[in-house]
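Okay, so here's the structure we're looking at.
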Amino acid sequence: MKEFIITETRTEKAVLVGLVTPGQNERKVKEYLDELAFLADTAGVEAVKRFTQRLEYPNSVTFVGSGKLMEIKEYVVEHEIGIVIFDDELSPKQLRNIEKELQVKILDRTGLILDIFASRAQTSYAKTQVELAQYQYMLPRLTRLWTHLERQRGGVGMRGPGETQLETDRRIILDKISRLKKELADIDKQKSVQRKNRGKMVRVALVGYTNVGKSTLMNLLSKSDVFAENKLFATLDTTVRKVIVDNLPFLLSDTVGFIRKLPTELVESFKSTLDEVREADLLVHVVDISHPTFEEQIEIVNRTLSEINREEKPMIMVFNKVDAFTFVPKEEDDLTPRTRENIDLDELKRTWMGKSADCIFISAKERTNIDALKALLYERVKEIHVTRFPYNDFLFQRYDEE
């Protein structure tokens, strides 16, 4: 009789580290670490403990103070932790010193996001973009990644003191960065031609914070099957679909989600993805209304859009996930300031959100108010279409009458 040995796959455990500073209070740090935990979960890592410290500014040598670092080390050793993840980007010096002290894998927020992007990239184009971002991130950190940097290379044609391993590695990475940039430039030219070949059809781009439901909405409007999952950065490649609402065709694109502290390397390498936003005629900003900090997410997306757009574009605000919205009513004798958790959905709708003609509340998951969204999309796309094809105006009059 055969024996069957059941092996358990152990999830890698991690601790998270954040700082409370004059510009980042305790509530913000908690929110950021919540998101960092979600990022870790997306990467397949379980965050089991959080460490925070109040400092005026990050320690230039070890990010946190020496006492806090020893506290983290004791916990890491006692609980056999394999990864320590810091919520802010660490300098090469900080990475080297922390890793030397803790003797485990050290990641910062940027490194974690890059790791997720690498695992999520499906097409060769997305993989090339992520690889470029990784090399750009790696370049200034070579002193941490290599321990044999002082060895010299000699031999025929290499007279003199030779070339250090660090110089060799840096040159190799610079060559790879140059090659990847050329590859992306060639692909960008192809994609630019593809966009021009789409003709003058109105282009609508879905934008928003990561994990707000853009792909689910894309599937609903285009009747397609774009990958959607309750994870951060489920979509990396821009997907473009032709959508027809009441006989009016337009192109709808689903773009990569934004996130706070988005690595500059990724913004640069995903330039072509952002070109879909630049060249769109209409933006549909999808917001997770159920998220406790949705207003900050709106601000982050708007700030990123202002950085990549040279001109103002018409925008529809779509407040998604009304089915998941919750609130806790304040008691009459509670004198503490009101927060998002104390305001119900009807009250929010009476603010600027509900007063604007270009704001709408939906649930893509439950298909709530989707017909109203389609009607709004039809009106806004028609306005753009008529300016582009004025001789077709009588067609819209006929459609509206029907």
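Residues in the structure tokens are named by chain (A, B, ... in the order shown) and by number from 1 within that chain; ligands are numbered from 1 in the order shown.
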
Neighbouring residues of Asp87 (chain A) were defined as those with any atom within 10 Å, considering only C-alpha atoms; residues of the same chain fewer than 3 positions away were excluded. Please report them as an MDAnalysis selection string.
chainID A and resid 16:19 29 32:33 35:37 90 107:110 112 261

Store the residues picked out above in a file with C-alpha atoms, as a tab-separated table (two decimals), in the first residue's frame.
chain	number	residue	atom	x	y	z
A	16	LEU	CA	5.43	45.93	8.13
A	17	VAL	CA	7.19	49.13	9.21
A	18	GLY	CA	5.93	52.71	8.97
A	19	LEU	CA	6.77	56.12	10.41
A	29	VAL	CA	0.08	55.62	8.78
A	32	TYR	CA	-0.95	53.29	4.47
A	33	LEU	CA	-0.03	50.11	6.35
A	35	GLU	CA	-2.74	49.22	1.91
A	36	LEU	CA	0.79	47.84	2.33
A	37	ALA	CA	-0.74	44.70	3.89
A	90	LEU	CA	14.62	53.11	1.27
A	107	LEU	CA	11.69	45.24	0.80
A	108	ASP	CA	10.43	48.79	0.53
A	109	ARG	CA	7.09	49.82	-0.95
A	110	THR	CA	8.61	50.39	-4.39
A	112	LEU	CA	7.06	45.29	-3.41
A	261	LYS	CA	3.66	56.63	-3.76

Spatial neighbours of region 350-362 of chain A, 6 Å, only C-alpha atoms, chain gap at least 4 places, as JSON, numbers by chain
{"A": [316, 317, 318, 319, 320, 368, 369]}

Distance in Å - CA of Asp275 (chain A) versus CA of Ala375 (chain A)
26.7 Å

A straight line from CA of Lys191 (chain A) to CA of Val207 (chain A) spans 19.3 Å

DSSP strand (DSSP E) residues within region 39-191 of chain A, listed as a VMD selection string
chain A and resid 45 to 54 83 to 86 105 to 108 152 to 153 163 to 164

Please list as an MDAnalysis selection string every residue within 9 Å of Val202 (chain A), counting only C-alpha atoms and excluding residues in the same chain fewer than 3 positions away.
chainID A and resid 199 249:252 280:282 381:382 384:385 388

Hey, what's within 10 Å of region 92-94 of chain A if we count only C-alpha atoms and toss same-chain stuff fewer than 4 positions away? As number ranges by chain, please?
A: 58-64, 98-100, 138-145

Serialized selection, N, CA, C and O atoms, as a short mmCIF file (atom, residue, chain, number, x, y, z; two decimals), in the first residue's frame:
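This went into again_39.cif:
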data_model
loop_
_atom_site.label_atom_id
_atom_site.label_comp_id
_atom_site.auth_asym_id
_atom_site.auth_seq_id
_atom_site.Cartn_x
_atom_site.Cartn_y
_atom_site.Cartn_z
N PRO A 58 12.79 60.33 8.71
CA PRO A 58 13.40 59.00 8.72
C PRO A 58 14.89 59.05 9.06
O PRO A 58 15.59 59.99 8.66
N ASN A 59 15.36 58.08 9.83
CA ASN A 59 16.78 57.97 10.14
C ASN A 59 17.54 57.69 8.85
O ASN A 59 17.21 56.76 8.11
N SER A 60 18.56 58.49 8.57
CA SER A 60 19.28 58.36 7.30
C SER A 60 20.08 57.07 7.18
O SER A 60 20.44 56.65 6.09
N VAL A 61 20.31 56.41 8.33
CA VAL A 61 21.12 55.19 8.33
C VAL A 61 20.26 53.94 8.33
O VAL A 61 20.50 53.00 7.56
N THR A 62 19.23 53.92 9.19
CA THR A 62 18.42 52.69 9.34
C THR A 62 16.91 52.95 9.23
O THR A 62 16.12 52.10 9.63
N PHE A 63 16.52 54.09 8.73
CA PHE A 63 15.12 54.50 8.56
C PHE A 63 14.43 54.71 9.91
O PHE A 63 13.91 55.76 10.18
N VAL A 64 14.40 53.67 10.77
CA VAL A 64 13.87 53.81 12.13
C VAL A 64 15.04 53.97 13.09
O VAL A 64 16.20 53.80 12.70
N ILE A 98 20.06 47.99 7.13
CA ILE A 98 18.96 47.23 7.72
C ILE A 98 19.12 45.74 7.45
O ILE A 98 18.91 44.91 8.34
N GLU A 99 19.48 45.41 6.22
CA GLU A 99 19.66 44.00 5.86
C GLU A 99 20.80 43.37 6.66
O GLU A 99 20.71 42.21 7.10
N LYS A 100 21.86 44.13 6.86
CA LYS A 100 23.01 43.63 7.64
C LYS A 100 22.61 43.34 9.08
O LYS A 100 23.04 42.35 9.69
N MET A 138 17.09 49.00 -9.61
CA MET A 138 18.23 48.23 -9.14
C MET A 138 19.55 48.99 -9.26
O MET A 138 20.45 48.85 -8.42
N LEU A 139 19.67 49.83 -10.30
CA LEU A 139 20.96 50.46 -10.62
C LEU A 139 21.63 51.16 -9.43
O LEU A 139 22.80 50.88 -9.14
N PRO A 140 20.94 52.06 -8.72
CA PRO A 140 21.63 52.72 -7.60
C PRO A 140 21.81 51.83 -6.37
O PRO A 140 22.44 52.24 -5.40
N ARG A 141 21.27 50.62 -6.41
CA ARG A 141 21.32 49.73 -5.25
C ARG A 141 22.28 48.56 -5.46
O ARG A 141 22.23 47.59 -4.72
N LEU A 142 23.15 48.67 -6.44
CA LEU A 142 24.07 47.57 -6.74
C LEU A 142 25.00 47.27 -5.57
O LEU A 142 25.39 46.14 -5.36
N THR A 143 25.38 48.29 -4.80
CA THR A 143 26.30 48.05 -3.68
C THR A 143 25.68 47.14 -2.65
O THR A 143 26.37 46.45 -1.92
N ARG A 144 24.33 47.11 -2.58
CA ARG A 144 23.67 46.20 -1.64
C ARG A 144 23.52 44.81 -2.22
O ARG A 144 23.59 43.81 -1.52
N LEU A 145 23.30 44.75 -3.56
CA LEU A 145 22.97 43.48 -4.18
C LEU A 145 24.17 42.57 -4.36
O LEU A 145 24.03 41.37 -4.53
#
